[in-house]
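Reproduced below: start-v2.cif, with mmCIF, C-alpha atoms and all ligand atoms.
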```cif
data_entry
loop_
_atom_site.group_PDB
_atom_site.id
_atom_site.type_symbol
_atom_site.label_atom_id
_atom_site.label_comp_id
_atom_site.auth_asym_id
_atom_site.auth_seq_id
_atom_site.Cartn_x
_atom_site.Cartn_y
_atom_site.Cartn_z
ATOM 1 C CA MET A 1 -2.164 15.232 2.394
ATOM 2 C CA ASN A 2 1.487 14.244 2.750
ATOM 3 C CA THR A 3 1.940 10.580 3.543
ATOM 4 C CA LEU A 4 5.105 8.750 4.522
ATOM 5 C CA ILE A 5 5.779 5.084 5.179
ATOM 6 C CA ILE A 6 8.760 4.157 7.348
ATOM 7 C CA TYR A 7 9.688 0.491 7.305
ATOM 8 C CA VAL A 8 12.374 -2.068 8.085
ATOM 9 C CA SER A 9 12.500 -5.403 6.284
ATOM 10 C CA ILE A 10 15.666 -7.363 6.946
ATOM 11 C CA HIS A 11 14.808 -11.075 7.007
ATOM 12 C CA HIS A 12 13.287 -11.908 3.596
ATOM 13 C CA ARG A 13 11.995 -8.486 2.472
ATOM 14 C CA ASN A 14 8.519 -9.670 3.412
ATOM 15 C CA THR A 15 7.447 -6.367 4.917
ATOM 16 C CA GLU A 16 8.935 -4.446 2.013
ATOM 17 C CA LYS A 17 6.382 -6.070 -0.308
ATOM 18 C CA VAL A 18 3.564 -4.868 1.928
ATOM 19 C CA ALA A 19 5.097 -1.391 2.312
ATOM 20 C CA LYS A 20 5.382 -0.948 -1.465
ATOM 21 C CA VAL A 21 1.782 -1.947 -2.130
ATOM 22 C CA MET A 22 0.565 0.440 0.570
ATOM 23 C CA ALA A 23 2.772 3.270 -0.704
ATOM 24 C CA LYS A 24 1.298 2.916 -4.172
ATOM 25 C CA ALA A 25 -2.285 2.925 -2.897
ATOM 26 C CA LEU A 26 -1.664 5.916 -0.631
ATOM 27 C CA ASP A 27 0.639 7.810 -2.983
ATOM 28 C CA ALA A 28 3.129 7.819 -0.094
ATOM 29 C CA GLU A 29 6.878 8.235 0.101
ATOM 30 C CA LEU A 30 8.900 5.312 1.464
ATOM 31 C CA THR A 31 11.893 5.521 3.763
ATOM 32 C CA LYS A 32 13.796 3.642 6.462
ATOM 33 C CA PRO A 33 14.130 4.871 10.076
ATOM 34 C CA TRP A 34 17.742 5.793 9.391
ATOM 35 C CA GLY A 35 16.758 7.750 6.266
ATOM 36 C CA ILE A 36 14.802 10.471 8.038
ATOM 37 C CA THR A 37 15.199 12.816 10.979
ATOM 38 C CA PRO A 38 12.530 13.392 13.636
ATOM 39 C CA LYS A 39 12.243 16.996 12.397
ATOM 40 C CA GLU A 40 11.531 15.905 8.819
ATOM 41 C CA LEU A 41 8.618 13.787 10.023
ATOM 42 C CA LEU A 42 6.774 16.967 10.943
ATOM 43 C CA ASN A 43 6.179 17.570 7.202
ATOM 44 C CA TYR A 44 3.757 14.632 6.998
ATOM 45 C CA ASP A 45 0.114 14.331 8.045
ATOM 46 C CA LEU A 46 -0.131 10.544 7.923
ATOM 47 C CA ILE A 47 2.772 8.229 8.724
ATOM 48 C CA GLY A 48 2.857 4.436 8.433
ATOM 49 C CA PHE A 49 5.270 2.494 10.650
ATOM 50 C CA GLY A 50 6.030 -1.128 9.791
ATOM 51 C CA SER A 51 8.561 -3.921 10.004
ATOM 52 C CA GLY A 52 8.938 -7.630 10.455
ATOM 53 C CA ILE A 53 8.430 -8.789 14.019
ATOM 54 C CA TYR A 54 11.730 -9.662 15.671
ATOM 55 C CA TRP A 55 11.485 -11.120 19.180
ATOM 56 C CA TRP A 56 7.841 -10.102 19.563
ATOM 57 C CA ARG A 57 8.161 -6.480 18.608
ATOM 58 C CA HIS A 58 8.914 -4.189 15.694
ATOM 59 C CA HIS A 59 12.509 -3.549 14.685
ATOM 60 C CA TRP A 60 14.437 -1.639 17.369
ATOM 61 C CA SER A 61 15.353 1.176 14.938
ATOM 62 C CA LEU A 62 11.669 1.943 14.376
ATOM 63 C CA LEU A 63 10.972 1.988 18.113
ATOM 64 C CA LYS A 64 14.022 4.209 18.670
ATOM 65 C CA LEU A 65 12.920 6.686 16.016
ATOM 66 C CA VAL A 66 9.531 7.038 17.685
ATOM 67 C CA GLU A 67 11.191 7.572 21.068
ATOM 68 C CA GLU A 68 13.200 10.430 19.599
ATOM 69 C CA LEU A 69 10.196 12.247 18.132
ATOM 70 C CA PRO A 70 8.785 15.415 19.615
ATOM 71 C CA MET A 71 5.083 15.415 20.544
ATOM 72 C CA MET A 72 3.109 14.808 17.343
ATOM 73 C CA LYS A 73 -0.321 16.204 18.208
ATOM 74 C CA GLY A 74 -2.692 16.234 15.240
ATOM 75 C CA LYS A 75 -0.672 13.639 13.309
ATOM 76 C CA ARG A 76 -2.109 10.329 12.233
ATOM 77 C CA ALA A 77 -0.285 7.017 12.169
ATOM 78 C CA PHE A 78 -0.891 3.463 11.085
ATOM 79 C CA ILE A 79 1.013 0.333 12.053
ATOM 80 C CA PHE A 80 1.811 -2.733 9.996
ATOM 81 C CA SER A 81 3.886 -5.888 10.266
ATOM 82 C CA THR A 82 4.650 -9.310 8.884
ATOM 83 C CA ALA A 83 5.465 -12.122 11.292
ATOM 84 C CA GLY A 84 5.977 -15.836 11.642
ATOM 85 C CA MET A 85 3.062 -15.837 14.045
ATOM 86 C CA ASN A 86 0.536 -13.227 13.104
ATOM 87 C CA ILE A 87 -0.770 -12.016 16.450
ATOM 88 C CA PRO A 88 -0.942 -8.243 15.979
ATOM 89 C CA PHE A 89 -2.496 -7.345 19.341
ATOM 90 C CA TYR A 90 0.677 -8.756 20.938
ATOM 91 C CA ASN A 91 3.266 -7.975 18.264
ATOM 92 C CA HIS A 92 2.179 -4.338 17.846
ATOM 93 C CA ARG A 93 1.792 -3.451 21.496
ATOM 94 C CA GLN A 94 5.139 -1.699 22.072
ATOM 95 C CA LEU A 95 5.074 0.410 18.920
ATOM 96 C CA LYS A 96 1.425 1.270 19.503
ATOM 97 C CA ARG A 97 2.078 2.412 23.068
ATOM 98 C CA LYS A 98 5.053 4.549 22.016
ATOM 99 C CA LEU A 99 3.110 6.191 19.176
ATOM 100 C CA LYS A 100 0.239 7.006 21.505
ATOM 101 C CA GLU A 101 2.656 8.459 24.057
ATOM 102 C CA LYS A 102 3.834 10.848 21.336
ATOM 103 C CA GLY A 103 0.284 12.004 20.675
ATOM 104 C CA PHE A 104 -0.386 10.175 17.390
ATOM 105 C CA GLU A 105 -3.909 9.170 16.504
ATOM 106 C CA ILE A 106 -3.695 5.513 15.366
ATOM 107 C CA VAL A 107 -5.993 5.203 12.369
ATOM 108 C CA GLY A 108 -5.397 1.557 11.453
ATOM 109 C CA GLU A 109 -3.338 -1.583 11.855
ATOM 110 C CA PHE A 110 -2.460 -4.246 9.308
ATOM 111 C CA SER A 111 -0.594 -7.502 9.653
ATOM 112 C CA CYS A 112 -0.058 -10.705 7.750
ATOM 113 C CA ARG A 113 2.087 -13.800 7.857
ATOM 114 C CA GLY A 114 5.641 -13.634 6.508
ATOM 115 C CA TRP A 115 8.066 -16.350 5.489
ATOM 116 C CA ASP A 116 10.093 -17.145 8.599
ATOM 117 C CA THR A 117 13.318 -19.144 8.606
ATOM 118 C CA ASN A 118 14.617 -17.853 11.918
ATOM 119 C CA GLY A 119 16.769 -20.282 13.931
ATOM 120 C CA TRP A 120 15.792 -23.950 13.775
ATOM 121 C CA LEU A 121 12.907 -23.173 11.404
ATOM 122 C CA ALA A 122 15.540 -22.956 8.642
ATOM 123 C CA LYS A 123 16.049 -26.727 8.979
ATOM 124 C CA ILE A 124 12.486 -27.377 7.835
ATOM 125 C CA GLY A 125 12.453 -24.692 5.116
ATOM 126 C CA GLY A 126 10.776 -22.199 7.411
ATOM 127 C CA ILE A 127 7.093 -21.497 7.938
ATOM 128 C CA ASN A 128 4.678 -19.413 5.844
ATOM 129 C CA LYS A 129 6.690 -20.000 2.684
ATOM 130 C CA GLY A 130 5.365 -17.763 -0.096
ATOM 131 C CA HIS A 131 3.883 -15.175 2.309
ATOM 132 C CA PRO A 132 3.067 -12.413 1.905
ATOM 133 C CA ASN A 133 1.251 -13.906 -1.080
ATOM 134 C CA GLU A 134 -1.104 -12.334 -3.626
ATOM 135 C CA SER A 135 -4.026 -12.474 -1.267
ATOM 136 C CA ASP A 136 -2.057 -10.887 1.626
ATOM 137 C CA LEU A 137 -0.950 -8.091 -0.709
ATOM 138 C CA GLU A 138 -4.485 -7.577 -1.972
ATOM 139 C CA ARG A 139 -5.617 -7.208 1.639
ATOM 140 C CA ALA A 140 -2.796 -4.690 2.240
ATOM 141 C CA LYS A 141 -3.913 -2.725 -0.807
ATOM 142 C CA LYS A 142 -7.545 -2.687 0.367
ATOM 143 C CA PHE A 143 -6.438 -1.583 3.840
ATOM 144 C CA ALA A 144 -4.497 1.350 2.377
ATOM 145 C CA GLU A 145 -7.304 2.306 -0.002
ATOM 146 C CA LYS A 146 -9.747 2.341 2.886
ATOM 147 C CA LEU A 147 -7.429 4.573 4.920
ATOM 148 C CA ARG A 148 -7.209 6.931 1.976
ATOM 149 C CA ARG A 149 -10.997 7.019 1.516
ATOM 150 C CA ASN A 150 -11.629 7.600 5.219
ATOM 151 C CA LEU A 151 -9.093 10.397 5.457
ATOM 152 C CA HIS A 152 -10.095 11.967 2.130
ATOM 153 C CA PRO A 153 -13.833 11.491 1.825
ATOM 154 C CA SER A 154 -14.772 12.291 -1.769
ATOM 155 C CA PRO A 155 -17.351 15.082 -2.203
ATOM 156 C CA LEU A 156 -20.915 13.898 -2.860
HETATM 157 C C1 LIG B 201 15.839 -12.591 14.421
HETATM 158 C C2 LIG B 201 14.389 -12.888 14.112
HETATM 159 C C3 LIG B 201 13.459 -12.894 15.144
HETATM 160 C C4 LIG B 201 12.110 -13.163 14.863
HETATM 161 N N1 LIG B 201 11.209 -13.133 15.900
HETATM 162 C C5 LIG B 201 9.894 -13.387 15.647
HETATM 163 C C6 LIG B 201 8.946 -13.334 16.692
HETATM 164 O O1 LIG B 201 9.262 -13.056 17.850
HETATM 165 N N2 LIG B 201 7.643 -13.609 16.383
HETATM 166 C C7 LIG B 201 7.240 -13.912 15.115
HETATM 167 O O2 LIG B 201 6.045 -14.143 14.897
HETATM 168 N N3 LIG B 201 8.124 -13.942 14.083
HETATM 169 C C8 LIG B 201 9.431 -13.678 14.326
HETATM 170 N N4 LIG B 201 10.341 -13.689 13.289
HETATM 171 C C9 LIG B 201 9.857 -13.902 11.909
HETATM 172 C C10 LIG B 201 9.648 -12.584 11.168
HETATM 173 O O3 LIG B 201 8.799 -11.714 11.892
HETATM 174 C C11 LIG B 201 9.020 -12.807 9.791
HETATM 175 O O4 LIG B 201 9.815 -13.677 9.036
HETATM 176 C C12 LIG B 201 8.852 -11.485 9.062
HETATM 177 O O5 LIG B 201 8.007 -11.670 7.961
HETATM 178 C C13 LIG B 201 10.179 -10.920 8.608
HETATM 179 O O6 LIG B 201 9.949 -9.740 7.897
HETATM 180 P P1 LIG B 201 11.036 -9.108 6.917
HETATM 181 O O7 LIG B 201 11.341 -10.130 5.846
HETATM 182 O O8 LIG B 201 10.347 -7.900 6.394
HETATM 183 O O9 LIG B 201 12.227 -8.783 7.768
HETATM 184 C C14 LIG B 201 11.686 -13.436 13.535
HETATM 185 C C15 LIG B 201 12.648 -13.429 12.504
HETATM 186 C C16 LIG B 201 13.969 -13.149 12.779
HETATM 187 C C17 LIG B 201 14.993 -13.150 11.663
#
```

Using structure tokens, write down the structure that the file contains.
Amino acid sequence: MNTLIIYVSIHHRNTEKVAKVMAKALDAELTKPWGITPKELLNYDLIGFGSGIYWWRHHWSLLKLVEELPMMKGKRAFIFSTAGMNIPFYNHRQLKRKLKEKGFEIVGEFSCRGWDTNGWLAKIGGINKGHPNESDLERAKKFAEKLRRNLHPSPL
């Protein structure tokens, strides 16, 4: 199974830490939205889409890439994010809707807190300093391992 993870991580590289752990567990390639064409995505069976949350949604370049995709029937996707306020049902809603519109089956979602020094938060050193931490990354690893097991059940 060919697996790809597409991510954007511009604030403190918080999401990059998560993306790298997941890529290792899933034996996946890593790229950015601007590093791949919609046509090239067709070579993958499972695709992870993740970024920090900027103004209550994923990075615009990730959303734009999904908009430009052809219908992706039979392809599986998972969504991940890091955010100052970890409320995935809200933060993931736009990306999730767009992926579904393109025919993806969403097989999992992961999110955790990320160090956030946006705007006035910088004055107090930000929030969630140190996140994603070891325990967040362990959870990300377990999430990816579970995806791998579920999609590749080992023979009895
Ligand atoms: C411009 C900007 C806007 C942000 N907007 C939100 C937001 O709407 N909700 C939230 O929970 N966190 C918000 N954050 C915090 C980031 O989601 C958080 O720091 C995230 O971990 C950044 O990931 P990154 O280091 O991978 O870019 C924002 C950060 C920046 C820089």

Could you state which residues are captured by the PyMOL selection byres (((chain A and resi 130) around 12) and not hetatm) in this file, as a PDB file with C-alpha atoms, in the coordinates of the input?
```pdb
ATOM      1  CA  HIS A  12      13.287 -11.908   3.596  1.00  0.00           C
ATOM      2  CA  ARG A  13      11.995  -8.486   2.472  1.00  0.00           C
ATOM      3  CA  ASN A  14       8.519  -9.670   3.412  1.00  0.00           C
ATOM      4  CA  LYS A  17       6.382  -6.070  -0.308  1.00  0.00           C
ATOM      5  CA  GLY A  84       5.977 -15.836  11.642  1.00  0.00           C
ATOM      6  CA  CYS A 112      -0.058 -10.705   7.750  1.00  0.00           C
ATOM      7  CA  ARG A 113       2.087 -13.800   7.857  1.00  0.00           C
ATOM      8  CA  GLY A 114       5.641 -13.634   6.508  1.00  0.00           C
ATOM      9  CA  TRP A 115       8.066 -16.350   5.489  1.00  0.00           C
ATOM     10  CA  ASP A 116      10.093 -17.145   8.599  1.00  0.00           C
ATOM     11  CA  THR A 117      13.318 -19.144   8.606  1.00  0.00           C
ATOM     12  CA  GLY A 125      12.453 -24.692   5.116  1.00  0.00           C
ATOM     13  CA  GLY A 126      10.776 -22.199   7.411  1.00  0.00           C
ATOM     14  CA  ILE A 127       7.093 -21.497   7.938  1.00  0.00           C
ATOM     15  CA  ASN A 128       4.678 -19.413   5.844  1.00  0.00           C
ATOM     16  CA  LYS A 129       6.690 -20.000   2.684  1.00  0.00           C
ATOM     17  CA  HIS A 131       3.883 -15.175   2.309  1.00  0.00           C
ATOM     18  CA  PRO A 132       3.067 -12.413   1.905  1.00  0.00           C
ATOM     19  CA  ASN A 133       1.251 -13.906  -1.080  1.00  0.00           C
ATOM     20  CA  GLU A 134      -1.104 -12.334  -3.626  1.00  0.00           C
ATOM     21  CA  SER A 135      -4.026 -12.474  -1.267  1.00  0.00           C
ATOM     22  CA  ASP A 136      -2.057 -10.887   1.626  1.00  0.00           C
ATOM     23  CA  LEU A 137      -0.950  -8.091  -0.709  1.00  0.00           C
TER      24      LEU A 137
END
```

Write out as a ChimeraX atom specification which residues come within 6 Å of segment 27-41 of chain A when counting all atoms listed in the file, dropping same-chain ones fewer than 4 positions away.
-> /A:3-7,23,62,69

Which of A:Ile47, A:Leu26, A:Ala19, A:Met72 sits closest to Lys146 of chain A [using all atoms listed in the file] |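 For Lys146 of chain A, the nearest of the given residues is A:Leu26.
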
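Using all atoms listed in the file for every distance, the candidate list A:Gly74, A:Trp60, A:Leu65, A:Trp55 yields A:Trp55 as the residue closest to Tyr90 of chain A.
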
Atom CA of Trp120 of chain A and atom CA of His11 of chain A are how many Å apart?
->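 Separating atom CA of Trp120 of chain A from atom CA of His11 of chain A is a distance of 14.6 Å.
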
In Å, how far is it from atom CA of Arg148 of chain A to atom CA of His59 of chain A?
->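 Interatomic distance here is 25.7 Å.
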
Which of these residues is nearest to Asn91 of chain A, using only C-alpha atoms: A:Arg139, A:Arg76, A:Ala25, A:Glu109?
-> A:Glu109

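Candidate residues A:Val66, A:Leu121, A:Met22, A:Ala83 were compared for distance to Arg97 of chain A, and the nearest is A:Val66, using all atoms listed in the file.
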
Listed atoms of ligand LIG 201 (chain B) boxed axis-aligned with 3 Å per side, centre + edges as AutoDock Vina command-line options:
```
--center_x 10.9 --center_y -11.0 --center_z 11.8 --size_x 15.8 --size_y 12.2 --size_z 18.0
```

If you measure from atom CA of Ser61 of chain A to atom O9 of ligand LIG 201 (chain B), what distance in Å do you get, rounded to one decimal?
-> 12.7 Å

Output the residue selection produced by the PyMOL selection byres (((chain A and resi 77) around 9) and not hetatm) on the file above, formatted as number ranges by chain.
-> A: 45-49, 75-76, 78-79, 99, 104-108

Between A:Ile53, A:Ala144, A:Leu63, A:Met71, which has the minimum distance to Ser9 of chain A (counting all atoms listed in the file)?
->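 For Ser9 of chain A, the nearest of the given residues is A:Ile53.
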
Between A:Lys100, A:His92, A:Lys24, A:Lys64, which is the closest to ligand LIG 201 (chain B) once you count only C-alpha atoms and all ligand atoms?
->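 Nearest to ligand LIG 201 (chain B): A:His92.
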
Where atoms are missing, can you supply N, CA, C and O atoms for segment 116-136 of chain A and output the lot as an mmCIF file, keeping the file's coordinate frame?
```
data_model
loop_
_atom_site.group_PDB
_atom_site.id
_atom_site.type_symbol
_atom_site.label_atom_id
_atom_site.label_comp_id
_atom_site.auth_asym_id
_atom_site.auth_seq_id
_atom_site.Cartn_x
_atom_site.Cartn_y
_atom_site.Cartn_z
ATOM 1 N N ASP A 116 9.258 -17.228 7.400
ATOM 2 C CA ASP A 116 10.093 -17.145 8.599
ATOM 3 C C ASP A 116 11.036 -18.342 8.643
ATOM 4 O O ASP A 116 10.590 -19.483 8.795
ATOM 5 N N THR A 117 12.326 -18.064 8.514
ATOM 6 C CA THR A 117 13.318 -19.144 8.606
ATOM 7 C C THR A 117 14.271 -18.885 9.774
ATOM 8 O O THR A 117 15.430 -19.291 9.755
ATOM 9 N N ASN A 118 13.764 -18.194 10.779
ATOM 10 C CA ASN A 118 14.617 -17.853 11.918
ATOM 11 C C ASN A 118 15.001 -19.110 12.703
ATOM 12 O O ASN A 118 14.156 -19.947 12.993
ATOM 13 N N GLY A 119 16.290 -19.203 13.059
ATOM 14 C CA GLY A 119 16.769 -20.282 13.931
ATOM 15 C C GLY A 119 16.523 -21.667 13.353
ATOM 16 O O GLY A 119 16.765 -21.918 12.167
ATOM 17 N N TRP A 120 15.978 -22.543 14.180
ATOM 18 C CA TRP A 120 15.792 -23.950 13.775
ATOM 19 C C TRP A 120 14.767 -24.085 12.656
ATOM 20 O O TRP A 120 14.733 -25.110 11.956
ATOM 21 N N LEU A 121 13.927 -23.101 12.467
ATOM 22 C CA LEU A 121 12.907 -23.173 11.404
ATOM 23 C C LEU A 121 13.563 -23.343 10.033
ATOM 24 O O LEU A 121 12.974 -23.910 9.112
ATOM 25 N N ALA A 122 14.821 -22.841 9.914
ATOM 26 C CA ALA A 122 15.540 -22.956 8.642
ATOM 27 C C ALA A 122 15.689 -24.425 8.239
ATOM 28 O O ALA A 122 15.661 -24.764 7.056
ATOM 29 N N LYS A 123 15.827 -25.286 9.238
ATOM 30 C CA LYS A 123 16.049 -26.727 8.979
ATOM 31 C C LYS A 123 14.862 -27.374 8.273
ATOM 32 O O LYS A 123 15.006 -28.380 7.595
ATOM 33 N N ILE A 124 13.677 -26.790 8.471
ATOM 34 C CA ILE A 124 12.486 -27.377 7.835
ATOM 35 C C ILE A 124 11.973 -26.481 6.700
ATOM 36 O O ILE A 124 10.821 -26.568 6.286
ATOM 37 N N GLY A 125 12.853 -25.562 6.239
ATOM 38 C CA GLY A 125 12.453 -24.692 5.116
ATOM 39 C C GLY A 125 11.630 -23.494 5.561
ATOM 40 O O GLY A 125 11.109 -22.744 4.739
ATOM 41 N N GLY A 126 11.517 -23.349 6.883
ATOM 42 C CA GLY A 126 10.776 -22.199 7.411
ATOM 43 C C GLY A 126 9.280 -22.460 7.459
ATOM 44 O O GLY A 126 8.797 -23.523 7.076
ATOM 45 N N ILE A 127 8.564 -21.435 7.936
ATOM 46 C CA ILE A 127 7.093 -21.497 7.938
ATOM 47 C C ILE A 127 6.566 -20.334 7.108
ATOM 48 O O ILE A 127 7.266 -19.353 6.884
ATOM 49 N N ASN A 128 5.347 -20.456 6.660
ATOM 50 C CA ASN A 128 4.678 -19.413 5.844
ATOM 51 C C ASN A 128 5.385 -19.161 4.517
ATOM 52 O O ASN A 128 5.390 -18.016 4.034
ATOM 53 N N LYS A 129 5.984 -20.185 3.965
ATOM 54 C CA LYS A 129 6.690 -20.000 2.684
ATOM 55 C C LYS A 129 5.721 -19.388 1.659
ATOM 56 O O LYS A 129 4.563 -19.788 1.566
ATOM 57 N N GLY A 130 6.219 -18.393 0.933
ATOM 58 C CA GLY A 130 5.365 -17.763 -0.096
ATOM 59 C C GLY A 130 4.572 -16.568 0.426
ATOM 60 O O GLY A 130 3.935 -15.860 -0.350
ATOM 61 N N HIS A 131 4.603 -16.336 1.740
ATOM 62 C CA HIS A 131 3.883 -15.175 2.309
ATOM 63 C C HIS A 131 4.856 -14.028 2.537
ATOM 64 O O HIS A 131 5.977 -14.264 2.933
ATOM 65 N N PRO A 132 4.408 -12.789 2.344
ATOM 66 C CA PRO A 132 3.067 -12.413 1.905
ATOM 67 C C PRO A 132 2.803 -12.875 0.471
ATOM 68 O O PRO A 132 3.648 -12.676 -0.411
ATOM 69 N N ASN A 133 1.625 -13.445 0.255
ATOM 70 C CA ASN A 133 1.251 -13.906 -1.080
ATOM 71 C C ASN A 133 0.289 -12.898 -1.728
ATOM 72 O O ASN A 133 0.019 -11.830 -1.171
ATOM 73 N N GLU A 134 -0.218 -13.255 -2.885
ATOM 74 C CA GLU A 134 -1.104 -12.334 -3.626
ATOM 75 C C GLU A 134 -2.264 -11.870 -2.771
ATOM 76 O O GLU A 134 -2.640 -10.695 -2.785
ATOM 77 N N SER A 135 -2.834 -12.824 -2.043
ATOM 78 C CA SER A 135 -4.026 -12.474 -1.267
ATOM 79 C C SER A 135 -3.664 -11.566 -0.082
ATOM 80 O O SER A 135 -4.403 -10.637 0.251
ATOM 81 N N ASP A 136 -2.508 -11.795 0.552
ATOM 82 C CA ASP A 136 -2.057 -10.887 1.626
ATOM 83 C C ASP A 136 -1.859 -9.473 1.066
ATOM 84 O O ASP A 136 -2.236 -8.480 1.694
#
```
